[in-house]
$ cat coords28.cif   # mmCIF, C-alpha atoms
data_work
#
loop_
_atom_site.group_PDB
_atom_site.id
_atom_site.type_symbol
_atom_site.label_atom_id
_atom_site.label_comp_id
_atom_site.auth_asym_id
_atom_site.auth_seq_id
_atom_site.Cartn_x
_atom_site.Cartn_y
_atom_site.Cartn_z
ATOM 1 C CA MET G 126 -4.271 41.438 -37.659
ATOM 2 C CA PRO G 127 -3.979 44.161 -34.953
ATOM 3 C CA PHE G 128 -1.957 46.555 -37.143
ATOM 4 C CA VAL G 129 -4.007 47.698 -40.112
ATOM 5 C CA LYS G 130 -3.430 50.094 -43.009
ATOM 6 C CA GLU G 131 -6.334 52.268 -44.098
ATOM 7 C CA LYS G 132 -6.829 55.043 -46.647
ATOM 8 C CA PHE G 133 -8.119 58.481 -45.657
ATOM 9 C CA THR G 134 -8.996 61.581 -47.685
ATOM 10 C CA ILE G 135 -8.089 64.967 -46.206
ATOM 11 C CA GLU G 136 -10.446 67.518 -47.729
ATOM 12 C CA GLU G 137 -8.780 70.669 -46.410
ATOM 13 C CA GLU G 138 -5.083 71.244 -45.903
ATOM 14 C CA THR G 139 -4.157 70.689 -42.258
ATOM 15 C CA ILE G 140 -1.133 70.085 -40.060
ATOM 16 C CA ALA G 141 -0.199 66.413 -40.014
ATOM 17 C CA PHE G 142 -0.154 65.771 -36.265
ATOM 18 C CA LEU G 143 -3.489 67.586 -35.817
ATOM 19 C CA TYR G 144 -5.093 65.358 -38.424
ATOM 20 C CA VAL G 145 -3.790 62.215 -36.737
ATOM 21 C CA MET G 146 -4.975 63.488 -33.335
ATOM 22 C CA HIS G 147 -8.520 64.101 -34.536
ATOM 23 C CA THR G 148 -8.801 60.997 -36.719
ATOM 24 C CA LEU G 149 -7.390 58.430 -34.301
ATOM 25 C CA ASN G 150 -8.354 60.214 -31.077
ATOM 26 C CA TYR G 151 -4.692 60.462 -30.042
ATOM 27 C CA THR G 152 -2.992 62.932 -27.731
ATOM 28 C CA GLN G 153 -0.510 65.310 -29.334
ATOM 29 C CA GLY G 154 2.411 63.187 -28.139
ATOM 30 C CA GLN G 155 0.850 59.987 -29.468
ATOM 31 C CA ALA G 156 0.168 61.623 -32.831
ATOM 32 C CA GLN G 157 3.710 62.939 -33.152
ATOM 33 C CA ARG G 158 5.197 59.537 -32.281
ATOM 34 C CA HIS G 159 2.836 57.916 -34.780
ATOM 35 C CA ILE G 160 4.189 60.118 -37.556
ATOM 36 C CA ALA G 161 7.804 59.805 -36.401
ATOM 37 C CA LYS G 162 7.493 56.013 -36.723
ATOM 38 C CA GLY G 163 6.563 56.411 -40.385
ATOM 39 C CA ARG G 164 2.935 55.383 -40.018
ATOM 40 C CA LEU G 165 1.525 58.274 -42.056
ATOM 41 C CA ILE G 166 2.044 57.402 -45.718
ATOM 42 C CA ILE G 167 1.710 59.721 -48.712
ATOM 43 C CA ASN G 168 2.204 58.453 -52.283
ATOM 44 C CA GLY G 169 3.594 55.187 -50.919
ATOM 45 C CA GLU G 170 6.257 56.802 -48.730
ATOM 46 C CA SER G 171 6.309 57.514 -45.009
ATOM 47 C CA MET G 172 5.992 61.175 -44.096
ATOM 48 C CA ARG G 173 7.810 61.847 -40.807
ATOM 49 C CA HIS G 174 7.500 65.646 -40.445
ATOM 50 C CA THR G 175 4.886 66.125 -37.729
ATOM 51 C CA GLY G 176 4.366 69.813 -38.463
ATOM 52 C CA ALA G 177 4.033 69.492 -42.251
ATOM 53 C CA LYS G 178 0.758 70.320 -43.937
ATOM 54 C CA VAL G 179 -1.098 67.467 -45.640
ATOM 55 C CA GLN G 180 -4.047 67.209 -48.020
ATOM 56 C CA GLY G 181 -5.608 64.654 -50.315
ATOM 57 C CA GLU G 182 -5.329 60.870 -50.053
ATOM 58 C CA VAL G 183 -3.117 59.408 -47.322
ATOM 59 C CA GLU G 184 -2.681 56.025 -45.676
ATOM 60 C CA MET G 185 -2.166 55.332 -42.012
ATOM 61 C CA VAL G 186 -0.920 52.243 -40.199
ATOM 62 C CA PHE G 187 -2.311 51.909 -36.688
ATOM 63 C CA PHE G 188 -3.058 49.380 -33.987
ATOM 64 C CA ARG G 189 -6.640 48.146 -33.990
ATOM 65 C CA PRO G 190 -7.119 45.699 -31.100
ATOM 66 C CA LYS G 191 -8.819 42.416 -31.782
ATOM 67 C CA GLY G 192 -9.556 40.820 -28.448
ATOM 68 C CA THR G 193 -10.781 37.285 -27.957
ATOM 69 C CA GLY G 194 -13.152 38.231 -25.159
ATOM 70 C CA ALA G 195 -10.766 37.228 -22.376
ATOM 71 C CA LEU G 196 -11.763 39.072 -19.219
ATOM 72 C CA PRO G 197 -9.556 40.380 -16.410
ATOM 73 C CA THR G 198 -9.575 38.376 -13.210
ATOM 74 C CA PHE G 199 -9.677 41.730 -11.386
ATOM 75 C CA GLN G 200 -10.299 45.304 -12.472
ATOM 76 C CA ASN G 201 -11.247 48.726 -11.146
ATOM 77 C CA ASN G 202 -11.290 52.227 -12.654
ATOM 78 C CA ASP G 203 -7.486 52.412 -12.841
ATOM 79 C CA PHE G 204 -6.063 48.994 -13.725
ATOM 80 C CA MET G 205 -6.855 45.385 -14.576
ATOM 81 C CA VAL G 206 -5.152 42.037 -14.077
ATOM 82 C CA PHE G 207 -5.189 39.182 -16.594
ATOM 83 C CA GLU G 208 -4.080 35.558 -16.477
ATOM 84 C CA LYS G 209 -1.620 35.566 -19.383
ATOM 85 C CA PRO G 210 -1.302 32.190 -21.112
ATOM 86 C CA SER G 211 2.094 30.773 -21.990
ATOM 87 C CA GLY G 212 3.043 31.494 -25.610
ATOM 88 C CA VAL G 213 1.396 34.933 -25.789
ATOM 89 C CA LEU G 214 3.358 38.180 -26.056
ATOM 90 C CA VAL G 215 2.549 41.089 -23.753
ATOM 91 C CA HIS G 216 3.046 43.606 -26.590
ATOM 92 C CA PRO G 217 3.376 42.983 -30.335
ATOM 93 C CA ASN G 218 7.070 42.799 -31.235
ATOM 94 C CA THR G 219 6.452 43.560 -34.913
ATOM 95 C CA MET G 220 3.561 44.968 -36.912
ATOM 96 C CA SER G 221 2.885 41.425 -38.162
ATOM 97 C CA THR G 222 2.356 39.991 -34.661
ATOM 98 C CA PRO G 223 -1.094 38.367 -34.948
ATOM 99 C CA TYR G 224 -2.078 38.662 -31.276
ATOM 100 C CA SER G 225 -0.792 39.898 -27.935
ATOM 101 C CA MET G 226 -2.212 40.773 -24.532
ATOM 102 C CA LEU G 227 -2.443 44.370 -25.743
ATOM 103 C CA ASP G 228 -5.363 43.259 -27.908
ATOM 104 C CA GLU G 229 -7.338 42.343 -24.795
ATOM 105 C CA VAL G 230 -6.195 45.387 -22.826
ATOM 106 C CA ARG G 231 -7.228 47.937 -25.449
ATOM 107 C CA SER G 232 -10.374 46.093 -26.486
ATOM 108 C CA ILE G 233 -11.595 46.620 -22.928
ATOM 109 C CA ALA G 234 -10.185 50.013 -21.969
ATOM 110 C CA GLY G 235 -9.274 51.854 -25.186
ATOM 111 C CA ASP G 236 -6.144 53.301 -26.756
ATOM 112 C CA ASN G 237 -4.787 54.860 -23.561
ATOM 113 C CA ALA G 238 -4.651 51.499 -21.778
ATOM 114 C CA ASN G 239 -1.328 49.692 -21.680
ATOM 115 C CA GLY G 240 0.698 46.911 -20.084
ATOM 116 C CA THR G 241 2.837 48.045 -17.173
ATOM 117 C CA HIS G 242 5.555 45.380 -16.935
ATOM 118 C CA ARG G 243 7.429 42.751 -18.915
ATOM 119 C CA ILE G 244 6.669 39.019 -18.888
ATOM 120 C CA ASP G 245 8.474 36.589 -21.181
ATOM 121 C CA MET G 246 6.290 35.158 -23.940
ATOM 122 C CA GLU G 247 6.469 31.618 -22.587
ATOM 123 C CA THR G 248 5.875 32.618 -18.951
ATOM 124 C CA SER G 249 2.258 32.401 -17.831
ATOM 125 C CA GLY G 250 0.463 34.134 -14.981
ATOM 126 C CA LEU G 251 -0.564 37.544 -13.686
ATOM 127 C CA PHE G 252 -0.226 40.500 -16.030
ATOM 128 C CA LEU G 253 -1.004 44.009 -14.753
ATOM 129 C CA ALA G 254 -2.305 46.642 -17.194
ATOM 130 C CA SER G 255 -3.300 50.270 -16.696
ATOM 131 C CA LYS G 256 -6.566 51.761 -17.957
ATOM 132 C CA HIS G 257 -5.284 55.322 -18.442
ATOM 133 C CA LYS G 258 -2.022 57.240 -18.744
ATOM 134 C CA LYS G 259 -1.882 58.401 -15.113
ATOM 135 C CA ALA G 260 -2.215 54.829 -13.858
ATOM 136 C CA GLU G 261 0.370 53.678 -16.403
ATOM 137 C CA HIS G 262 2.897 56.205 -15.130
ATOM 138 C CA ILE G 263 2.276 55.331 -11.462
ATOM 139 C CA LEU G 264 2.419 51.573 -11.954
ATOM 140 C CA LYS G 265 5.469 51.587 -14.225
ATOM 141 C CA SER G 266 7.227 53.850 -11.760
ATOM 142 C CA SER G 267 6.309 51.461 -8.938
ATOM 143 C CA PHE G 268 7.869 48.551 -10.819
ATOM 144 C CA GLU G 269 11.013 50.612 -11.446
ATOM 145 C CA LYS G 270 11.217 51.567 -7.752
ATOM 146 C CA ARG G 271 10.630 47.899 -6.802
ATOM 147 C CA THR G 272 7.673 48.728 -4.574
ATOM 148 C CA ILE G 273 5.563 46.096 -6.361
ATOM 149 C CA LYS G 274 6.329 42.669 -4.939
ATOM 150 C CA LYS G 275 6.141 39.707 -7.312
ATOM 151 C CA SER G 276 6.327 35.977 -6.825
ATOM 152 C CA TYR G 277 6.673 33.167 -9.341
ATOM 153 C CA LEU G 278 6.373 29.399 -9.323
ATOM 154 C CA ALA G 279 8.750 27.234 -11.339
ATOM 155 C CA TRP G 280 9.171 23.534 -11.997
ATOM 156 C CA VAL G 281 12.900 22.901 -12.231
ATOM 157 C CA ASP G 282 15.105 19.966 -13.111
ATOM 158 C CA GLY G 283 16.476 17.979 -10.159
ATOM 159 C CA LYS G 284 16.036 18.006 -6.409
ATOM 160 C CA LEU G 285 16.087 21.179 -4.325
ATOM 161 C CA THR G 286 15.399 20.918 -0.597
ATOM 162 C CA LYS G 287 16.636 24.109 1.093
ATOM 163 C CA PRO G 288 15.837 27.805 0.535
ATOM 164 C CA PHE G 289 18.638 29.792 -1.059
ATOM 165 C CA THR G 290 19.398 33.223 -2.458
ATOM 166 C CA SER G 291 21.128 34.180 -5.682
ATOM 167 C CA LYS G 292 22.795 37.578 -5.899
ATOM 168 C CA GLU G 293 24.809 36.832 -9.017
ATOM 169 C CA CYS G 294 25.220 39.898 -11.249
ATOM 170 C CA ILE G 295 23.586 39.679 -14.667
ATOM 171 C CA LYS G 296 25.043 41.080 -17.890
ATOM 172 C CA VAL G 297 23.224 41.384 -21.205
ATOM 173 C CA ASN G 298 24.873 39.398 -24.001
ATOM 174 C CA LYS G 299 25.964 41.949 -26.612
ATOM 175 C CA GLU G 300 28.723 39.879 -28.185
ATOM 176 C CA GLY G 301 26.652 37.721 -30.532
ATOM 177 C CA TYR G 302 25.258 34.234 -30.250
ATOM 178 C CA ASP G 303 27.895 32.105 -31.978
ATOM 179 C CA THR G 304 28.529 29.834 -28.983
ATOM 180 C CA THR G 305 25.374 30.324 -26.909
ATOM 181 C CA LYS G 306 21.847 31.599 -27.421
ATOM 182 C CA HIS G 307 21.709 33.046 -23.902
ATOM 183 C CA LYS G 308 20.435 36.626 -23.883
ATOM 184 C CA VAL G 309 22.049 37.262 -20.491
ATOM 185 C CA PHE G 310 24.807 35.625 -18.495
ATOM 186 C CA ILE G 311 26.339 35.741 -15.016
ATOM 187 C CA SER G 312 29.221 38.204 -14.820
ATOM 188 C CA ASP G 313 30.867 40.405 -12.200
ATOM 189 C CA GLU G 314 30.608 43.148 -14.821
ATOM 190 C CA GLY G 315 26.820 42.859 -14.858
ATOM 191 C CA LYS G 316 24.102 44.613 -12.883
ATOM 192 C CA ALA G 317 23.270 43.725 -9.296
ATOM 193 C CA SER G 318 20.518 41.111 -9.105
ATOM 194 C CA HIS G 319 18.744 39.330 -6.273
ATOM 195 C CA THR G 320 16.315 36.404 -6.230
ATOM 196 C CA ASP G 321 15.169 34.360 -3.230
ATOM 197 C CA PHE G 322 14.123 30.750 -3.822
ATOM 198 C CA VAL G 323 12.042 28.451 -1.602
ATOM 199 C CA PRO G 324 11.564 24.783 -2.609
ATOM 200 C CA LEU G 325 7.963 23.657 -2.071
ATOM 201 C CA GLN G 326 7.868 20.031 -3.175
ATOM 202 C CA TYR G 327 9.838 17.360 -5.024
ATOM 203 C CA ASP G 328 8.494 14.761 -7.444
ATOM 204 C CA GLU G 329 10.881 11.812 -7.430
ATOM 205 C CA THR G 330 9.298 10.158 -10.469
ATOM 206 C CA LEU G 331 9.859 13.260 -12.586
ATOM 207 C CA ASP G 332 13.033 14.335 -10.746
ATOM 208 C CA ALA G 333 11.522 17.812 -10.654
ATOM 209 C CA SER G 334 11.167 20.408 -7.885
ATOM 210 C CA LEU G 335 8.487 23.047 -7.486
ATOM 211 C CA VAL G 336 10.132 26.285 -6.373
ATOM 212 C CA ALA G 337 8.721 29.634 -5.252
ATOM 213 C CA CYS G 338 10.760 32.500 -6.697
ATOM 214 C CA TYR G 339 10.880 36.007 -5.217
ATOM 215 C CA PRO G 340 12.773 38.456 -7.455
ATOM 216 C CA LYS G 341 13.946 41.571 -5.622
ATOM 217 C CA THR G 342 15.300 43.119 -8.823
ATOM 218 C CA GLY G 343 13.886 43.027 -12.336
ATOM 219 C CA ARG G 344 16.657 42.007 -14.718
ATOM 220 C CA LEU G 345 15.987 40.369 -18.077
ATOM 221 C CA HIS G 346 15.602 36.570 -17.649
ATOM 222 C CA GLN G 347 16.666 36.944 -14.011
ATOM 223 C CA ILE G 348 14.916 33.879 -12.542
ATOM 224 C CA ARG G 349 15.853 31.737 -15.533
ATOM 225 C CA ILE G 350 19.575 32.515 -15.444
ATOM 226 C CA HIS G 351 19.823 32.293 -11.645
ATOM 227 C CA LEU G 352 18.297 28.798 -11.642
ATOM 228 C CA PHE G 353 20.436 27.713 -14.590
ATOM 229 C CA HIS G 354 23.521 28.966 -12.747
ATOM 230 C CA VAL G 355 22.862 26.607 -9.801
ATOM 231 C CA LYS G 356 22.342 23.738 -12.293
ATOM 232 C CA HIS G 357 18.594 23.456 -11.810
ATOM 233 C CA PRO G 358 17.262 24.957 -15.071
ATOM 234 C CA ILE G 359 13.553 25.561 -15.429
ATOM 235 C CA LEU G 360 11.941 22.681 -17.260
ATOM 236 C CA GLY G 361 10.839 23.630 -20.741
ATOM 237 C CA ASP G 362 13.308 26.518 -20.958
ATOM 238 C CA PRO G 363 14.377 26.579 -24.622
ATOM 239 C CA ILE G 364 17.392 28.837 -24.000
ATOM 240 C CA TYR G 365 18.917 28.211 -20.561
ATOM 241 C CA GLY G 366 19.618 24.530 -19.943
ATOM 242 C CA ALA G 367 19.527 23.461 -23.581
ATOM 243 C CA SER G 368 22.292 22.776 -26.085
ATOM 244 C CA TYR G 369 23.215 25.395 -28.683
ATOM 245 C CA GLY G 370 21.673 23.265 -31.428
ATOM 246 C CA ALA G 371 18.395 22.768 -29.565
ATOM 247 C CA SER G 372 18.080 26.480 -28.763
ATOM 248 C CA ASP G 373 18.890 27.400 -32.354
ATOM 249 C CA ALA G 374 16.251 25.005 -33.679
ATOM 250 C CA TYR G 375 13.686 26.468 -31.273
ATOM 251 C CA LEU G 376 14.440 30.073 -32.249
ATOM 252 C CA ASP G 377 14.312 29.200 -35.957
ATOM 253 C CA MET G 378 10.973 27.408 -35.384
ATOM 254 C CA LEU G 379 12.441 24.185 -36.798
ATOM 255 C CA GLN G 380 11.973 22.113 -33.668
ATOM 256 C CA SER G 381 9.246 19.457 -33.597
ATOM 257 C CA ASN G 382 7.056 18.993 -30.517
ATOM 258 C CA GLN G 383 8.846 15.744 -29.687
ATOM 259 C CA GLU G 384 12.299 17.313 -30.091
ATOM 260 C CA ARG G 385 11.284 20.072 -27.721
ATOM 261 C CA LEU G 386 10.219 17.588 -25.050
ATOM 262 C CA VAL G 387 13.514 15.701 -25.267
ATOM 263 C CA ALA G 388 15.760 18.775 -25.409
ATOM 264 C CA HIS G 389 13.909 21.010 -22.933
ATOM 265 C CA GLY G 390 11.810 18.693 -20.775
ATOM 266 C CA ALA G 391 8.389 20.271 -21.309
ATOM 267 C CA PRO G 392 6.320 21.786 -24.145
ATOM 268 C CA ARG G 393 6.484 25.251 -22.539
ATOM 269 C CA LEU G 394 8.581 27.219 -20.079
ATOM 270 C CA MET G 395 7.466 25.973 -16.664
ATOM 271 C CA LEU G 396 7.487 29.424 -15.052
ATOM 272 C CA HIS G 397 4.348 31.148 -13.746
ATOM 273 C CA ALA G 398 3.764 34.662 -12.358
ATOM 274 C CA GLN G 399 1.897 33.709 -9.188
ATOM 275 C CA SER G 400 1.248 36.892 -7.194
ATOM 276 C CA LEU G 401 1.404 40.692 -7.157
ATOM 277 C CA GLU G 402 1.390 42.871 -4.045
ATOM 278 C CA PHE G 403 1.298 46.667 -4.292
ATOM 279 C CA THR G 404 -0.382 49.868 -3.197
ATOM 280 C CA TYR G 405 -2.484 51.968 -5.560
ATOM 281 C CA LYS G 406 -4.748 54.138 -3.405
ATOM 282 C CA ASN G 407 -5.413 50.925 -1.454
ATOM 283 C CA LYS G 408 -3.323 47.834 -0.737
ATOM 284 C CA PHE G 409 -3.738 44.915 -3.139
ATOM 285 C CA TYR G 410 -2.628 41.316 -2.981
ATOM 286 C CA LEU G 411 -3.569 39.388 -6.112
ATOM 287 C CA GLU G 412 -2.878 35.708 -6.639
ATOM 288 C CA SER G 413 -3.199 33.539 -9.727
ATOM 289 C CA LYS G 414 -6.079 31.048 -9.776
ATOM 290 C CA VAL G 415 -4.364 28.805 -12.322
ATOM 291 C CA ASP G 416 -3.390 25.343 -11.061
ATOM 292 C CA PHE G 417 0.251 25.620 -12.032
ATOM 293 C CA ILE G 418 1.258 22.886 -9.588
ATOM 294 C CA GLY G 419 -0.941 20.479 -11.558
ATOM 295 C CA MET G 420 0.889 21.424 -14.743
ATOM 296 C CA LYS G 421 3.653 19.009 -13.753
ATOM 297 C CA GLN G 422 1.765 16.553 -15.945
ATOM 298 C CA LEU G 423 3.378 18.382 -18.878
ATOM 299 C CA ILE G 424 6.898 17.431 -17.752
ATOM 300 C CA TYR G 425 8.636 14.803 -19.867
ATOM 301 C CA PRO G 426 9.958 11.659 -18.076
ATOM 302 C CA LYS G 427 13.385 12.260 -16.534
ATOM 303 C CA ASN G 428 15.053 9.276 -18.242
ATOM 304 C CA LEU G 429 14.095 10.617 -21.685
ATOM 305 C CA ARG G 430 15.055 14.279 -21.391
ATOM 306 C CA VAL G 431 18.484 15.746 -22.071
ATOM 307 C CA PHE G 432 19.919 18.919 -20.541
ATOM 308 C CA ASN G 433 23.022 21.041 -20.827
ATOM 309 C CA LYS G 434 23.632 22.315 -17.301
ATOM 310 C CA ASN G 435 27.176 23.543 -17.872
#
$ encode --input "coords28.cif" --output "C-alpha cells"
Amino acid sequence: MPFVKEKFTIEEETIAFLYVMHTLNYTQGQAQRHIAKGRLIINGESMRHTGAKVQGEVEMVFFRPKGTGALPTFQNNDFMVFEKPSGVLVHPNTMSTPYSMLDEVRSIAGDNANGTHRIDMETSGLFLASKHKKAEHILKSSFEKRTIKKSYLAWVDGKLTKPFTSKECIKVNKEGYDTTKHKVFISDEGKASHTDFVPLQYDETLDASLVACYPKTGRLHQIRIHLFHVKHPILGDPIYGASYGASDAYLDMLQSNQERLVAHGAPRLMLHAQSLEFTYKNKFYLESKVDFIGMKQLIYPKNLRVFNKN
C-alpha cells in the first residue's frame, strides 16, 4: 500500500512543519501541504496548523512508493518516459489506491519526481515524468502551452477511410449522470477543442479501423468524445459508445468480462499514447515500442458486440 501511517516520537517541542520537513525530507511547501491535508495526526485527530508546536507521540500518513521494478524506456538527468499499461492510474486517486505509475516514478527518482501530464487509466502508452521540481515545472508548462506534440493510436468501431478534423467544443458534465455517464459532451458552450484524425487501416472481419489521432488541445476525454461524436467510438470504451446500463455496471465494478466484451467491444479501452515530441535543452522524439496494432486480437467479433452510437 503506497500510503502508510507510521508513529513518531518528538522528543523536543518543535514547529510542526519543520518536523515534517526534517523527518520526511520535504521542502517547506511540501511539509505545509502535508499538514494542511490532515496527514499529521495527534491523539487520533488531524492537526492542520502548520506553525503549531508539537511534542510527544504523533502519527503521519505519507506516500511510500512501492515500485514493481518497471524501468523507463528512456531517461536522462531531468525526466523519464515509461510505457504505461492499460488499467493503471498515473497518480493515486485515493489513499487506498494500491498502485499507480507514481510508485515507479518515485521508486527510481525520489519524492521530488512526478508525472507531468494526464492519461486516462485505461489508455496505454507513453507517460512522461520529471525527476526534479524544475523539470516538472518546465514540462507541465510545456503541456499547458501546447508545445509538446502528442499522437495516439485508436482502434474504432466501423470503417473510416479519409482524414478528418474535429473542432467540436467540449463541455464538462456538471449536471449529474442520471441519463448518461459521459464526463464531457459536445456543446457550443464548451471549450475550444481540436483533434486531427488519419485512418491507417481497416479490418473488414472485425469492422474496425486503426486511426492515428493528433490532439492539438488537451481537453478531458477529447479523443474519446470526438470519435464518439462522429459515430465511430473507440472499441472497449466503457463510457462513450455504451448504453447507460453498461456504463453504470462498469463504473460500479459489477460487469463481468463477457458482458464487457459484448457491451464495449474489447476488454480495455483501445487507445494508446504513441509518441511525444518536445524540446527540453535538446529536441526529443519518442515513440512507443508496444505493438498496439497487433492488439486488434483483443477486439470482440463485430456480429456479437452492441454499441450505442447515438
$ closest_residue --input "coords28.cif" --among "G:Thr175, G:Ile167, G:Pro127, G:Asp373" --to "Ala141 (chain G)" --atoms "only C-alpha atoms"
G:Thr175
$ residues_around --input "coords28.cif" --residues "Leu285 (chain G)" --least-positions-apart "2" --cutoff "10 Å" --atoms "all atoms listed in the file" --output "ChimeraX atom specification"
/G:281-283,287-289,322-327,332-336,357
$ write_last_selection --input "coords28.cif" --atoms "C-alpha atoms" --output "PDB file, in the coordinates of the input"
ATOM      1  CA  VAL G 281      12.900  22.901 -12.231  1.00  0.00           C
ATOM      2  CA  ASP G 282      15.105  19.966 -13.111  1.00  0.00           C
ATOM      3  CA  GLY G 283      16.476  17.979 -10.159  1.00  0.00           C
ATOM      4  CA  LYS G 287      16.636  24.109   1.093  1.00  0.00           C
ATOM      5  CA  PRO G 288      15.837  27.805   0.535  1.00  0.00           C
ATOM      6  CA  PHE G 289      18.638  29.792  -1.059  1.00  0.00           C
ATOM      7  CA  PHE G 322      14.123  30.750  -3.822  1.00  0.00           C
ATOM      8  CA  VAL G 323      12.042  28.451  -1.602  1.00  0.00           C
ATOM      9  CA  PRO G 324      11.564  24.783  -2.609  1.00  0.00           C
ATOM     10  CA  LEU G 325       7.963  23.657  -2.071  1.00  0.00           C
ATOM     11  CA  GLN G 326       7.868  20.031  -3.175  1.00  0.00           C
ATOM     12  CA  TYR G 327       9.838  17.360  -5.024  1.00  0.00           C
ATOM     13  CA  ASP G 332      13.033  14.335 -10.746  1.00  0.00           C
ATOM     14  CA  ALA G 333      11.522  17.812 -10.654  1.00  0.00           C
ATOM     15  CA  SER G 334      11.167  20.408  -7.885  1.00  0.00           C
ATOM     16  CA  LEU G 335       8.487  23.047  -7.486  1.00  0.00           C
ATOM     17  CA  VAL G 336      10.132  26.285  -6.373  1.00  0.00           C
ATOM     18  CA  HIS G 357      18.594  23.456 -11.810  1.00  0.00           C
TER      19      HIS G 357
END
$ resolve_selection --input "coords28.cif" --expression "the PyMOL selection byres ((chain G and resi 186-194) around 10)" --output "PyMOL selection string"
chain G and resi 126-132+149+159-160+162-166+184-185+195-197+217+220+223-233+235-236
$ atom_distance --input "coords28.cif" --atom1 "CA of Glu170 (chain G)" --atom2 "CA of Ala238 (chain G)"
29.6 Å
$ closest_residue --input "coords28.cif" --among "G:Tyr302, G:Tyr410, G:Phe199, G:Tyr405" --to "Ser276 (chain G)" --atoms "all atoms listed in the file"
G:Tyr410
$ residues_near_point --input "coords28.cif" --point "(8.7, 32.3, -14.2)" --cutoff "8 Å" --atoms "all atoms listed in the file" --output "ChimeraX atom specification"
/G:248-249,277-279,338,348-349,394-398
$ atom_distance --input "coords28.cif" --atom1 "CA of Tyr369 (chain G)" --atom2 "CA of Gly315 (chain G)"
22.6 Å
$ resolve_selection --input "coords28.cif" --expression "the PyMOL selection byres ((chain G and resi 258-264) around 10)" --output "PyMOL selection string"
chain G and resi 202-204+236-242+253-257+265-270+272-273+403-405
$ closest_residue --input "coords28.cif" --among "G:His319, G:Lys308, G:Lys284, G:His389" --to "Leu345 (chain G)" --atoms "all atoms listed in the file"
G:Lys308
$ residues_near_point --input "coords28.cif" --point "(-0.9, 67.3, -46.4)" --cutoff "9 Å" --atoms "all atoms listed in the file" --output "JSON, numbers by chain"
{"G": [135, 137, 138, 139, 140, 141, 167, 177, 178, 179, 180, 181, 182, 183]}
$ residues_around --input "coords28.cif" --residues "Phe252 (chain G)" --least-positions-apart "2" --cutoff "7 Å" --atoms "all atoms listed in the file" --output "list in words"
Val206, Phe207, Glu208, Lys209, Gly250 and Ala254 of chain G
$ atom_distance --input "coords28.cif" --atom1 "CA of Arg243 (chain G)" --atom2 "CA of Arg271 (chain G)"
13.5 Å
$ closest_residue --input "coords28.cif" --among "G:Leu423, G:Arg430, G:Ser413, G:Ser381" --to "Ala367 (chain G)" --atoms "only C-alpha atoms"
G:Arg430
$ closest_residue --input "coords28.cif" --among "G:Lys306, G:Lys296, G:Lys421, G:His174" --to "Arg393 (chain G)" --atoms "all atoms listed in the file"
G:Lys421
$ resolve_selection --input "coords28.cif" --expression "the PyMOL selection byres ((chain G and resi 424) around 9)" --output "ChimeraX atom specification"
/G:280,331,333,360-361,386,390-392,395,420-423,425-427
